[in-house]
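Everything below belongs to target_11.cif, which stores mmCIF, C-alpha atoms and all ligand atoms.
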```
data_input
#
loop_
_atom_site.label_atom_id
_atom_site.label_comp_id
_atom_site.auth_asym_id
_atom_site.auth_seq_id
_atom_site.Cartn_x
_atom_site.Cartn_y
_atom_site.Cartn_z
CA MET A 1 -0.77 6.85 -19.28
CA ASP A 2 -4.44 6.77 -18.20
CA ASP A 3 -5.16 4.64 -21.29
CA PRO A 4 -6.85 1.38 -20.15
CA LYS A 5 -4.71 -0.66 -22.54
CA HIS A 6 -1.73 -0.09 -20.21
CA ALA A 7 -3.62 -1.45 -17.20
CA GLN A 8 -2.92 -5.10 -17.96
CA ASP A 9 0.79 -4.54 -18.48
CA PRO A 10 2.21 -1.04 -18.01
CA TYR A 11 5.83 -2.23 -17.87
CA PRO A 12 6.77 -1.81 -21.54
CA LEU A 13 5.55 1.79 -21.26
CA TYR A 14 7.38 2.28 -17.95
CA GLY A 15 10.56 0.97 -19.59
CA LYS A 16 10.14 3.48 -22.41
CA PHE A 17 9.70 6.30 -19.88
CA ARG A 18 12.86 5.26 -18.04
CA GLN A 19 14.92 5.07 -21.19
CA GLU A 20 13.54 7.80 -23.44
CA CYS A 21 11.66 10.24 -21.23
CA PRO A 22 12.92 10.11 -17.63
CA LEU A 23 11.22 13.44 -16.88
CA GLY A 24 7.84 13.34 -18.62
CA TRP A 25 4.94 15.79 -18.56
CA ALA A 26 1.33 14.63 -18.22
CA GLU A 27 -1.65 16.87 -18.87
CA GLY A 28 -4.26 15.39 -16.51
CA HIS A 29 -5.21 16.86 -13.10
CA GLY A 30 -3.76 20.30 -13.90
CA GLY A 31 -0.49 18.94 -15.32
CA TYR A 32 2.38 17.22 -13.56
CA TRP A 33 5.88 15.83 -14.08
CA VAL A 34 6.47 12.08 -14.12
CA LEU A 35 9.70 10.52 -12.86
CA SER A 36 10.47 6.86 -13.51
CA ARG A 37 14.17 6.17 -12.86
CA TYR A 38 15.18 4.64 -9.54
CA ASP A 39 17.91 7.26 -8.88
CA ASP A 40 15.58 10.18 -9.62
CA ILE A 41 12.83 8.91 -7.36
CA ARG A 42 15.35 8.18 -4.63
CA PHE A 43 16.64 11.77 -5.03
CA VAL A 44 13.10 13.09 -4.51
CA TYR A 45 12.52 10.91 -1.45
CA ASP A 46 15.85 12.03 0.03
CA ASN A 47 15.23 15.77 -0.47
CA PRO A 48 11.93 16.59 1.22
CA GLU A 49 12.94 20.26 1.57
CA ILE A 50 12.74 20.54 -2.26
CA PHE A 51 9.89 18.05 -2.73
CA SER A 52 7.10 18.57 -0.23
CA SER A 53 4.71 15.72 0.58
CA HIS A 54 1.76 18.07 0.84
CA PRO A 55 -0.34 17.30 -1.05
CA ASN A 56 0.76 13.70 -1.50
CA GLY A 57 -1.61 12.46 -4.15
CA ILE A 58 -2.35 13.33 -7.77
CA PRO A 59 -5.29 14.24 -7.70
CA ALA A 60 -4.68 15.93 -4.38
CA ASN A 61 -7.62 15.29 -2.10
CA LEU A 62 -8.85 12.06 -0.56
CA GLY A 63 -11.79 13.48 1.34
CA GLN A 64 -9.85 14.96 4.26
CA ASP A 65 -9.80 18.65 5.26
CA ARG A 66 -6.35 18.72 6.83
CA PRO A 67 -2.95 17.34 5.76
CA MET A 68 -2.73 13.63 6.44
CA ILE A 69 -0.51 12.86 9.44
CA PRO A 70 2.33 11.95 9.06
CA LEU A 71 2.17 11.37 5.28
CA GLU A 72 1.66 15.02 4.31
CA ILE A 73 3.74 16.66 7.04
CA ASP A 74 7.21 17.75 5.92
CA PRO A 75 10.37 17.56 8.02
CA PRO A 76 11.27 18.86 10.54
CA ASP A 77 7.72 18.66 12.02
CA HIS A 78 7.31 15.17 10.57
CA ALA A 79 10.01 13.78 12.90
CA TYR A 80 7.88 14.54 15.97
CA TYR A 81 5.13 12.23 14.68
CA ARG A 82 7.50 9.44 13.66
CA ARG A 83 9.15 9.51 17.12
CA ILE A 84 5.75 8.91 18.67
CA LEU A 85 4.46 6.44 16.10
CA ALA A 86 7.53 4.28 15.45
CA PRO A 87 7.27 2.22 18.68
CA LEU A 88 3.57 1.57 18.06
CA PHE A 89 4.32 0.05 14.66
CA GLY A 90 7.59 -1.74 15.42
CA PRO A 91 7.99 -5.53 15.68
CA GLY A 92 7.43 -5.45 19.46
CA ARG A 93 3.88 -4.24 19.06
CA ILE A 94 3.07 -5.88 15.69
CA ASN A 95 4.49 -9.43 16.07
CA PRO A 96 2.09 -10.34 18.91
CA LEU A 97 -0.79 -9.87 16.42
CA GLU A 98 0.36 -12.92 14.44
CA ASP A 99 -2.02 -15.50 15.96
CA GLN A 100 -4.99 -13.18 15.67
CA LEU A 101 -4.19 -12.35 12.04
CA ARG A 102 -3.67 -16.02 11.18
CA ALA A 103 -7.07 -16.83 12.66
CA LEU A 104 -8.63 -14.17 10.40
CA VAL A 105 -6.97 -15.63 7.30
CA THR A 106 -7.98 -19.15 8.33
CA GLU A 107 -11.59 -18.05 8.68
CA LEU A 108 -11.62 -16.46 5.22
CA ILE A 109 -10.03 -19.54 3.59
CA ASP A 110 -12.43 -21.84 5.49
CA ASP A 111 -15.28 -20.08 3.67
CA PHE A 112 -14.14 -21.31 0.24
CA ILE A 113 -11.70 -24.20 0.73
CA GLU A 114 -14.33 -26.91 0.28
CA LYS A 115 -15.59 -25.38 -2.98
CA GLY A 116 -12.24 -25.80 -4.67
CA SER A 117 -12.53 -22.32 -6.15
CA CYS A 118 -12.51 -18.68 -5.13
CA GLU A 119 -12.28 -15.18 -6.49
CA PHE A 120 -9.12 -14.28 -4.60
CA VAL A 121 -9.60 -10.50 -4.58
CA ALA A 122 -13.18 -10.45 -3.26
CA GLU A 123 -12.79 -13.42 -0.92
CA LEU A 124 -9.36 -12.78 0.59
CA ALA A 125 -7.20 -9.89 -0.63
CA ASN A 126 -9.95 -7.33 -0.12
CA PRO A 127 -11.54 -8.35 3.20
CA PHE A 128 -8.36 -9.42 5.04
CA PRO A 129 -6.53 -6.05 5.33
CA THR A 130 -9.69 -4.39 6.71
CA ARG A 131 -9.97 -7.07 9.36
CA ALA A 132 -6.24 -6.73 10.08
CA PHE A 133 -6.73 -2.97 10.50
CA LEU A 134 -9.54 -3.58 12.99
CA SER A 135 -7.31 -6.03 14.89
CA LEU A 136 -4.52 -3.47 14.94
CA MET A 137 -6.91 -0.87 16.29
CA GLY A 138 -8.36 -3.31 18.83
CA TRP A 139 -11.90 -2.74 17.50
CA PRO A 140 -14.67 -5.31 16.86
CA LEU A 141 -14.84 -6.92 13.42
CA GLU A 142 -18.56 -6.43 12.71
CA ASP A 143 -18.00 -3.09 10.99
CA ALA A 144 -15.48 -4.50 8.52
CA PRO A 145 -17.79 -4.34 5.46
CA MET A 146 -18.67 -0.70 6.17
CA PHE A 147 -14.99 0.27 6.47
CA LEU A 148 -14.25 -1.55 3.28
CA GLN A 149 -16.91 0.41 1.41
CA TRP A 150 -15.76 3.78 2.76
CA ALA A 151 -12.11 3.08 2.06
CA ASP A 152 -12.95 1.90 -1.44
CA ASP A 153 -14.96 5.06 -2.15
CA ILE A 154 -12.11 7.22 -0.91
CA ILE A 155 -9.31 5.44 -2.73
CA ARG A 156 -11.08 4.66 -5.98
CA GLY A 157 -13.80 7.31 -6.17
CA VAL A 158 -16.04 6.84 -9.21
CA PRO A 159 -13.80 5.46 -11.96
CA GLY A 160 -13.72 7.73 -15.02
CA ASP A 161 -15.70 10.56 -13.39
CA PRO A 162 -13.44 13.07 -11.54
CA GLU A 163 -16.30 15.28 -10.30
CA ALA A 164 -18.41 12.44 -8.94
CA SER A 165 -15.18 11.03 -7.40
CA MET A 166 -14.55 14.22 -5.44
CA ALA A 167 -18.13 14.16 -4.13
CA ARG A 168 -18.01 10.51 -3.17
CA ARG A 169 -14.62 10.92 -1.49
CA ALA A 170 -15.85 13.87 0.53
CA GLU A 171 -18.98 12.00 1.61
CA SER A 172 -17.19 8.81 2.68
CA GLY A 173 -14.32 10.78 4.21
CA LEU A 174 -16.83 12.58 6.40
CA ALA A 175 -18.55 9.32 7.37
CA LEU A 176 -15.21 7.81 8.40
CA TYR A 177 -14.14 10.89 10.36
CA THR A 178 -17.46 10.91 12.18
CA TYR A 179 -17.08 7.24 13.09
CA PHE A 180 -13.49 7.74 14.28
CA ALA A 181 -14.33 10.95 16.15
CA GLU A 182 -16.82 9.08 18.31
CA ILE A 183 -14.19 6.51 19.26
CA VAL A 184 -11.57 9.17 19.99
CA ASP A 185 -14.10 11.02 22.20
CA THR A 186 -14.94 7.84 24.08
CA ARG A 187 -11.28 6.96 24.58
CA THR A 188 -10.46 10.49 25.70
CA GLU A 189 -13.00 9.99 28.50
CA GLN A 190 -11.98 6.45 29.28
CA ARG A 191 -8.90 4.63 28.01
CA GLY A 192 -9.16 1.03 26.78
CA ASP A 193 -6.84 -1.64 25.47
CA ASP A 194 -6.70 -0.27 21.93
CA LEU A 195 -4.47 1.73 19.63
CA VAL A 196 -6.44 4.97 20.00
CA SER A 197 -5.81 4.88 23.75
CA ALA A 198 -2.12 4.16 23.12
CA LEU A 199 -1.97 7.10 20.68
CA LEU A 200 -3.63 9.45 23.17
CA ASP A 201 -1.09 8.48 25.85
CA ALA A 202 2.00 8.22 23.63
CA SER A 203 4.81 10.70 24.09
CA PHE A 204 8.51 10.74 23.39
CA ALA A 205 11.08 11.96 25.92
CA GLY A 206 8.69 14.41 27.59
CA GLU A 207 7.51 16.03 24.34
CA ARG A 208 3.87 17.11 24.10
CA LYS A 209 1.21 14.46 23.55
CA LEU A 210 -0.92 14.21 20.41
CA SER A 211 -4.14 16.23 20.34
CA GLN A 212 -7.50 14.55 19.70
CA PHE A 213 -7.51 15.98 16.16
CA GLU A 214 -4.08 14.60 15.48
CA VAL A 215 -5.09 11.14 16.71
CA LEU A 216 -8.14 11.33 14.47
CA ASP A 217 -6.05 12.29 11.44
CA ILE A 218 -3.54 9.53 12.11
CA VAL A 219 -6.24 6.86 12.40
CA PHE A 220 -7.78 8.10 9.13
CA LEU A 221 -4.44 7.76 7.37
CA LEU A 222 -3.78 4.30 8.83
CA LEU A 223 -6.95 3.07 7.22
CA ILE A 224 -6.25 4.73 3.87
CA ALA A 225 -2.60 3.65 3.84
CA GLY A 226 -3.03 0.05 4.90
CA LEU A 227 -5.91 -1.42 2.91
CA ASP A 228 -5.58 -1.00 -0.83
CA THR A 229 -1.79 -1.26 -0.61
CA THR A 230 -1.78 -4.65 1.09
CA LYS A 231 -4.66 -5.88 -1.05
CA SER A 232 -2.72 -4.97 -4.19
CA VAL A 233 0.53 -6.60 -3.14
CA LEU A 234 -1.36 -9.74 -2.11
CA SER A 235 -3.25 -10.07 -5.37
CA ASN A 236 -0.38 -8.98 -7.63
CA GLY A 237 1.81 -11.61 -5.94
CA ILE A 238 -0.68 -14.48 -6.01
CA ALA A 239 -1.58 -13.61 -9.63
CA TRP A 240 2.07 -13.95 -10.63
CA LEU A 241 2.50 -17.22 -8.72
CA ALA A 242 -0.73 -18.62 -10.21
CA GLU A 243 0.85 -18.24 -13.63
CA HIS A 244 4.25 -19.64 -12.61
CA PRO A 245 3.60 -22.99 -10.90
CA GLU A 246 7.22 -24.16 -11.16
CA GLU A 247 8.40 -21.09 -9.22
CA ARG A 248 5.53 -21.45 -6.75
CA GLN A 249 6.68 -24.98 -5.97
CA LYS A 250 9.77 -23.48 -4.29
CA LEU A 251 7.54 -21.76 -1.71
CA ILE A 252 5.53 -24.92 -1.17
CA ASP A 253 8.68 -27.02 -0.68
CA ASP A 254 10.30 -24.50 1.64
CA PRO A 255 7.94 -21.95 3.24
CA SER A 256 10.91 -20.26 4.92
CA THR A 257 11.63 -18.70 1.50
CA ILE A 258 8.30 -16.84 1.55
CA PRO A 259 9.59 -13.56 3.08
CA LEU A 260 12.23 -13.13 0.33
CA ALA A 261 9.68 -14.06 -2.32
CA ILE A 262 7.32 -11.36 -1.02
CA GLU A 263 10.08 -8.74 -1.30
CA GLU A 264 10.82 -9.84 -4.85
CA LEU A 265 7.16 -9.77 -5.87
CA MET A 266 6.99 -6.23 -4.41
CA ARG A 267 10.01 -5.24 -6.50
CA TRP A 268 8.33 -6.76 -9.56
CA GLU A 269 5.10 -4.85 -8.95
CA SER A 270 5.60 -1.81 -6.69
CA PRO A 271 2.02 -0.57 -6.70
CA ILE A 272 2.04 2.83 -4.95
CA ILE A 273 2.41 6.03 -6.96
CA PRO A 274 3.07 8.92 -4.52
CA GLY A 275 3.19 12.57 -5.52
CA ARG A 276 5.25 15.57 -4.41
CA ARG A 277 5.07 19.37 -4.74
CA VAL A 278 8.18 21.32 -5.73
CA THR A 279 9.04 24.00 -3.13
CA ARG A 280 11.82 25.79 -5.06
CA GLU A 281 13.42 25.71 -8.49
CA VAL A 282 15.33 22.54 -9.19
CA GLU A 283 16.98 21.24 -12.34
CA MET A 284 16.33 17.67 -13.49
CA HIS A 285 17.36 16.22 -16.85
CA GLY A 286 18.08 19.71 -18.20
CA THR A 287 14.63 21.06 -17.29
CA THR A 288 13.79 23.51 -14.53
CA LEU A 289 11.00 22.38 -12.23
CA ARG A 290 9.37 25.41 -10.62
CA GLU A 291 7.87 26.10 -7.23
CA GLY A 292 4.37 24.63 -7.06
CA ASP A 293 4.94 22.05 -9.82
CA ARG A 294 3.60 18.60 -9.05
CA VAL A 295 5.71 15.46 -9.50
CA MET A 296 4.46 11.90 -9.80
CA LEU A 297 6.82 9.19 -8.57
CA LEU A 298 6.23 6.22 -10.81
CA THR A 299 7.51 3.72 -8.28
CA GLY A 300 6.30 0.82 -10.40
CA ALA A 301 8.98 1.67 -12.95
CA THR A 302 11.84 1.61 -10.41
CA GLY A 303 11.70 -2.14 -9.65
CA ARG A 304 12.75 -3.01 -13.19
CA ASP A 305 15.50 -0.39 -13.45
CA SER A 306 18.51 -2.37 -14.67
CA THR A 307 20.94 0.20 -13.26
CA GLN A 308 19.82 -1.02 -9.83
CA PHE A 309 18.83 -4.66 -10.16
CA GLU A 310 20.70 -7.45 -11.92
CA ASN A 311 18.41 -9.34 -14.32
CA ALA A 312 15.78 -6.71 -13.54
CA ASP A 313 13.29 -8.26 -15.97
CA THR A 314 13.34 -11.64 -14.28
CA VAL A 315 11.60 -12.61 -11.05
CA ILE A 316 14.19 -14.28 -8.80
CA LEU A 317 12.18 -15.32 -5.78
CA ASP A 318 15.19 -15.60 -3.46
CA ARG A 319 16.78 -12.33 -4.64
CA HIS A 320 18.90 -10.87 -1.85
CA PRO A 321 19.66 -8.08 -1.15
CA ASN A 322 16.60 -6.41 -2.62
CA HIS A 323 16.50 -2.63 -2.15
CA HIS A 324 13.15 -2.09 -3.90
CA LEU A 325 11.18 1.12 -3.31
CA ALA A 326 7.75 -0.47 -2.82
CA PHE A 327 7.64 0.89 0.75
CA GLY A 328 9.07 4.26 -0.34
CA ALA A 329 12.29 5.66 1.15
CA GLY A 330 13.58 8.48 3.32
CA ALA A 331 11.57 10.23 6.02
CA HIS A 332 8.18 8.93 4.90
CA ARG A 333 9.19 5.30 4.36
CA CYS A 334 6.16 3.14 5.13
CA LEU A 335 5.32 3.17 8.83
CA GLY A 336 3.21 0.03 8.42
CA SER A 337 5.83 -2.14 6.72
CA HIS A 338 6.16 -4.59 9.66
CA LEU A 339 2.41 -5.07 9.74
CA ALA A 340 2.20 -5.35 5.95
CA ARG A 341 4.99 -7.94 5.84
CA LEU A 342 3.34 -9.95 8.60
CA GLU A 343 -0.03 -9.88 6.82
CA LEU A 344 1.56 -10.91 3.53
CA ARG A 345 3.60 -13.72 5.06
CA ILE A 346 0.61 -15.22 6.85
CA VAL A 347 -1.55 -15.20 3.72
CA PHE A 348 1.24 -16.67 1.57
CA GLU A 349 1.92 -19.39 4.17
CA GLU A 350 -1.73 -20.37 4.54
CA ILE A 351 -2.51 -20.31 0.80
CA HIS A 352 0.49 -22.47 -0.09
CA ARG A 353 -0.22 -24.87 2.76
CA ARG A 354 -3.94 -25.29 2.18
CA MET A 355 -4.49 -24.86 -1.56
CA PRO A 356 -1.03 -25.22 -3.11
CA ASP A 357 -2.21 -26.30 -6.60
CA TYR A 358 -4.24 -23.15 -7.32
CA ARG A 359 -4.44 -21.91 -10.91
CA VAL A 360 -6.54 -19.58 -13.04
CA PRO A 361 -9.30 -21.73 -14.60
CA ASP A 362 -9.24 -22.27 -18.37
CA GLY A 363 -11.09 -19.56 -20.26
CA GLU A 364 -10.84 -17.07 -17.38
CA GLN A 365 -8.58 -14.02 -17.22
CA ILE A 366 -6.87 -11.98 -14.55
CA VAL A 367 -8.15 -8.38 -14.77
CA ARG A 368 -5.80 -5.65 -13.57
CA HIS A 369 -6.00 -1.89 -13.04
CA LEU A 370 -3.44 0.91 -12.97
CA GLY A 371 -4.71 4.07 -11.17
CA GLY A 372 -3.19 5.43 -7.94
CA VAL A 373 -2.48 1.92 -6.63
CA ARG A 374 -1.79 -0.75 -9.24
CA GLY A 375 -3.68 -3.94 -8.50
CA VAL A 376 -5.97 -6.75 -9.56
CA ASP A 377 -9.75 -6.48 -9.94
CA HIS A 378 -10.46 -10.11 -10.70
CA LEU A 379 -8.40 -13.19 -9.87
CA PRO A 380 -10.42 -16.41 -10.22
CA LEU A 381 -8.66 -19.49 -8.85
CA VAL A 382 -9.42 -23.21 -8.81
CA PHE A 383 -7.63 -25.79 -6.67
CA THR A 384 -8.11 -29.22 -5.15
CA PRO A 385 -10.86 -28.80 -2.53
CA GLY A 386 -9.65 -29.25 1.01
CA THR A 387 -11.19 -29.67 4.40
CA THR A 388 -8.47 -28.37 6.70
C1 LIG B 401 2.25 -3.92 1.19
C2 LIG B 401 1.56 -2.93 1.70
C3 LIG B 401 2.05 -1.51 1.75
C4 LIG B 401 2.76 -0.81 0.83
C5 LIG B 401 3.28 -1.29 -0.52
C6 LIG B 401 2.94 0.53 1.38
C7 LIG B 401 3.64 1.55 0.74
C8 LIG B 401 3.89 2.78 1.29
C9 LIG B 401 4.65 3.82 0.66
C10 LIG B 401 5.27 3.75 -0.74
C11 LIG B 401 4.72 4.88 1.51
C12 LIG B 401 5.46 6.19 1.28
C13 LIG B 401 4.58 7.22 0.62
C14 LIG B 401 5.31 8.52 0.35
O1 LIG B 401 6.50 8.68 0.64
O2 LIG B 401 4.64 9.42 -0.15
C15 LIG B 401 3.97 4.50 2.69
C16 LIG B 401 3.79 5.33 3.78
C17 LIG B 401 2.98 4.99 4.86
N1 LIG B 401 2.38 3.78 5.10
FE1 LIG B 401 2.46 2.15 3.91
N2 LIG B 401 2.34 0.60 2.59
C18 LIG B 401 1.78 -0.62 2.87
C19 LIG B 401 1.08 -0.99 4.00
C20 LIG B 401 0.83 -0.17 5.07
C21 LIG B 401 0.09 -0.55 6.25
C22 LIG B 401 -0.51 -1.94 6.52
C23 LIG B 401 0.02 0.55 7.05
C24 LIG B 401 -0.60 0.77 8.40
C25 LIG B 401 -1.59 0.20 8.91
C26 LIG B 401 0.74 1.61 6.37
C27 LIG B 401 0.92 2.88 6.87
C28 LIG B 401 1.68 3.86 6.27
C29 LIG B 401 1.84 5.19 6.83
C30 LIG B 401 1.24 5.70 8.13
C31 LIG B 401 2.66 5.90 5.95
C32 LIG B 401 3.13 7.34 6.08
C33 LIG B 401 4.49 7.36 6.74
C34 LIG B 401 5.06 8.75 6.89
O3 LIG B 401 4.61 9.68 6.23
O4 LIG B 401 5.96 8.93 7.72
N3 LIG B 401 1.22 1.14 5.18
N4 LIG B 401 3.49 3.22 2.54
#
```

Could you render the structure from this file as structure tokens?
Amino acid sequence: MDDPKHAQDPYPLYGKFRQECPLGWAEGHGGYWVLSRYDDIRFVYDNPEIFSSHPNGIPANLGQDRPMIPLEIDPPDHAYYRRILAPLFGPGRINPLEDQLRALVTELIDDFIEKGSCEFVAELANPFPTRAFLSLMGWPLEDAPMFLQWADDIIRGVPGDPEASMARRAESGLALYTYFAEIVDTRTEQRGDDLVSALLDASFAGERKLSQFEVLDIVFLLLIAGLDTTKSVLSNGIAWLAEHPEERQKLIDDPSTIPLAIEELMRWESPIIPGRRVTREVEMHGTTLREGDRVMLLTGATGRDSTQFENADTVILDRHPNHHLAFGAGAHRCLGSHLARLELRIVFEEIHRRMPDYRVPDGEQIVRHLGGVRGVDHLPLVFTPGTT
């Protein structure tokens, strides 16, 4: 599966897994099971007592010393964190960020709109989620490039070199923790109008408040969880639309269809591949999974599972309902989904308003990667230059 030839289009392989090998075994990273059917992955999500989220990734470590909160905390302890965090990530707290986020997107598009061309990943999909994260946190934007570098090191490591990856992850993880620790210390002394202060003060029905360490771990996860994910969905989606102008026209003609289109493009390419650890023997597809076994949830394969979606191999931009698993399911379902959807909607609205005739220039190619988060490395676009 690590073969680069699958990076451009892993879906034929995913389809084969679903049909012929729903419980596969992969040798890398110490060996792990691979699940690809929607029902199986849903079963794992719904049974956290059998499938622990700690560690969550395959490979396991992203540069942090402790379990990531709340991602790697199993129920029942996990519920304590979600009770505290849910109000801070609900529509009431996220929707008011819309104007600020739109201004950030406008600024990024302003930088290339008059050229009539851009490299979408480097000029928009990559920088925007970092800036959105800083807005969410209530921190200044100057440090955005530094955050981007650290997050990239942690998520991607050194491609093709597992040992160097571990070292780079540890180094950048430490740099991030140090940066965050200073802010948490400052806010412990004196509260401000930012998310760290809100986290330090948050409590649910008289339960204990979060410790400084917990706040630190949560902020670390928010950065890791929110950047590459949103970047991937943005660039996967725009890449598909760049190659399907007749479908794209529907969004240009009626921007109110954008939210459904985003859900469908997330079904089409569900980029996150979480992992689980088996806590006790469990039988799947006639095989016994044993305590300590690792399981990879090949979420990307679930969106095209025809037992779940009619015409699963066709993008239907106004598909509704659409119960895709791109945001996961069960206890750990994405905490940042409101923010992610808002970010995605704003970018889609602004792109289709300001540069609606974008396309990949002749002779150029979209370059994609597989890895822990499936996404796009290179998405060159040309369009009619604009001024507004
Ligand atoms: C389109 C973008 C995004 C996608 C596709 C996505 C996907 C996911 C998925 C699949 C999970 C579940 C992982 C598992 O069960 O192991 C998850 C969890 C999580 N996501 Fe997202 N995510 C996105 C954006 C964000 C953003 C913007 C944030 C916050 C700033 C965020 C914060 C989190 C957190 C904190 C969790 C852990 C929740 C828990 O364990 O209770 N995500 N996300």

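Our summary of the geometry notes that atom CA of Ser211 of chain A is positioned 28.8 Å from atom CA of Pro145 of chain A.
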
For the interface of segment 113-146 of chain A with segment 225-239 of chain A (cut-off 6 Å, counting all atoms listed in the file), please tabulate each contacting residue of segment 113-146 of chain A alongside its nearest pair of atoms and their separation in Å to one decimal, rows sorted by chain and increasing number, as a tab-separated table.
```
residue	atom	partner	partner_atom	distance
A:Ala125	CA	A:Lys231	CA	4.8
A:Asn126	CA	A:Lys231	CA	5.6
A:Pro129	CA	A:Leu227	CA	5.3
```

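For the set A:Asp46, A:Asp185, A:Asp111, A:Glu119, the residue with the smallest atom-to-atom gap to Val382 of chain A is A:Glu119, counting all atoms listed in the file.
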
For ligand LIG 401 (chain B), which residue out of A:Lys250, A:Arg319, A:Arg267, A:His378 is the nearest one, using only C-alpha atoms and all ligand atoms?
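That would be A:Arg267, the residue with the smallest distance to ligand LIG 401 (chain B).
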
Give me, as CSV, the closest atom pair and its distance (Å, one decimal) for every residue of segment 159-185 of chain A within a cut-off of 12 Å of segment 218-223 of chain A, counting only C-alpha atoms, rows sorted by chain and rising number.
```
residue,atom,partner,partner_atom,distance
A:Ser172,CA,A:Phe220,CA,11.4
A:Gly173,CA,A:Phe220,CA,8.6
A:Leu174,CA,A:Phe220,CA,10.5
A:Ala175,CA,A:Phe220,CA,11.0
A:Leu176,CA,A:Phe220,CA,7.5
A:Tyr177,CA,A:Phe220,CA,7.1
A:Thr178,CA,A:Phe220,CA,10.5
A:Tyr179,CA,A:Phe220,CA,10.1
A:Phe180,CA,A:Val219,CA,7.5
A:Ala181,CA,A:Val219,CA,9.8
A:Ile183,CA,A:Val219,CA,10.5
A:Val184,CA,A:Val219,CA,9.6
```

Dump C-alpha atoms for the selected residues as a PDB file, in the frame of the given file?
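So the final result, stored in selection-v6.pdb, reads:
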```
ATOM      1  CA  SER A 172     -17.190   8.810   2.680  1.00  0.00           C
ATOM      2  CA  GLY A 173     -14.320  10.780   4.210  1.00  0.00           C
ATOM      3  CA  LEU A 174     -16.830  12.580   6.400  1.00  0.00           C
ATOM      4  CA  ALA A 175     -18.550   9.320   7.370  1.00  0.00           C
ATOM      5  CA  LEU A 176     -15.210   7.810   8.400  1.00  0.00           C
ATOM      6  CA  TYR A 177     -14.140  10.890  10.360  1.00  0.00           C
ATOM      7  CA  THR A 178     -17.460  10.910  12.180  1.00  0.00           C
ATOM      8  CA  TYR A 179     -17.080   7.240  13.090  1.00  0.00           C
ATOM      9  CA  PHE A 180     -13.490   7.740  14.280  1.00  0.00           C
ATOM     10  CA  ALA A 181     -14.330  10.950  16.150  1.00  0.00           C
ATOM     11  CA  ILE A 183     -14.190   6.510  19.260  1.00  0.00           C
ATOM     12  CA  VAL A 184     -11.570   9.170  19.990  1.00  0.00           C
TER      13      VAL A 184
END
```

From the list A:Gly363, A:Gly330, A:Pro87, A:Pro245, the nearest residue to ligand LIG 401 (chain B) using only C-alpha atoms and all ligand atoms is A:Gly330

With distances taken over all atoms listed in the file, which of A:Asp362, A:Arg42, A:Ile273, A:Leu210 is nearest to His324 of chain A?
A:Arg42

Determine the nearest neighbour of ligand LIG 401 (chain B) from the options A:Ala242, A:Leu325, A:Val121, A:Val282, counting all atoms listed in the file.
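Of A:Ala242, A:Leu325, A:Val121, A:Val282, the one nearest ligand LIG 401 (chain B), counting all atoms listed in the file, is A:Leu325.
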
Go ahead and fit an axis-aligned box to every listed atom of segment 195-205 of chain A plus 4 Å each side, and pass me the centre and edge lengths in Å, one decimal, as lines of an AutoDock Vina configuration file.
```
center_x = 2.3
center_y = 6.8
center_z = 22.8
size_x = 25.5
size_y = 18.2
size_z = 14.3
```

Just how far from atom CA of Leu241 of chain A is atom CA of Leu379 of chain A, in Å to one decimal?
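We find that atom CA of Leu379 of chain A and atom CA of Leu241 of chain A lie 11.7 Å from each other.
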
Which residue gives the smallest distance to ligand LIG 401 (chain B) among A:Phe383, A:Phe327, A:Trp25, A:Phe51, with all atoms listed in the file counted?
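Ranking A:Phe383, A:Phe327, A:Trp25, A:Phe51 by distance to ligand LIG 401 (chain B), first place goes to A:Phe327.
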
Tell me, in Å to one decimal, how far atom CA of Arg83 of chain A is from atom CA of Gly328 of chain A.
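Those two atoms sit 18.2 Å apart.
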
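Selection around (-6.0, -2.5, -16.0) with radius 9 Å, counting only C-alpha atoms, yields the residues Asp3, Pro4, Lys5, His6, Ala7, Gln8, Asp9, Pro10, Val367, Arg368, His369, Leu370, Gly371, Arg374, Gly375, Val376 and Asp377 of chain A.
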
With C-alpha atoms retained, export the selected residues as a compact mmCIF listing (two decimals), in the frame of the given file.
```txt
# COMPACT_ATOMS: atom_id res chain seq x y z
CA ASP A 3 -5.16 4.64 -21.29
CA PRO A 4 -6.85 1.38 -20.15
CA LYS A 5 -4.71 -0.66 -22.54
CA HIS A 6 -1.73 -0.09 -20.21
CA ALA A 7 -3.62 -1.45 -17.20
CA GLN A 8 -2.92 -5.10 -17.96
CA ASP A 9 0.79 -4.54 -18.48
CA PRO A 10 2.21 -1.04 -18.01
CA VAL A 367 -8.15 -8.38 -14.77
CA ARG A 368 -5.80 -5.65 -13.57
CA HIS A 369 -6.00 -1.89 -13.04
CA LEU A 370 -3.44 0.91 -12.97
CA GLY A 371 -4.71 4.07 -11.17
CA ARG A 374 -1.79 -0.75 -9.24
CA GLY A 375 -3.68 -3.94 -8.50
CA VAL A 376 -5.97 -6.75 -9.56
CA ASP A 377 -9.75 -6.48 -9.94
```

Neighbouring residues of Arg37 of chain A were defined as those with any atom within 8 Å, considering only C-alpha atoms; residues of the same chain fewer than 5 positions away were excluded. Please report them as a list of chain:residue names.
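Selected residues are A:Arg18, A:Pro22, A:Ala301, A:Thr302, A:Asp305.
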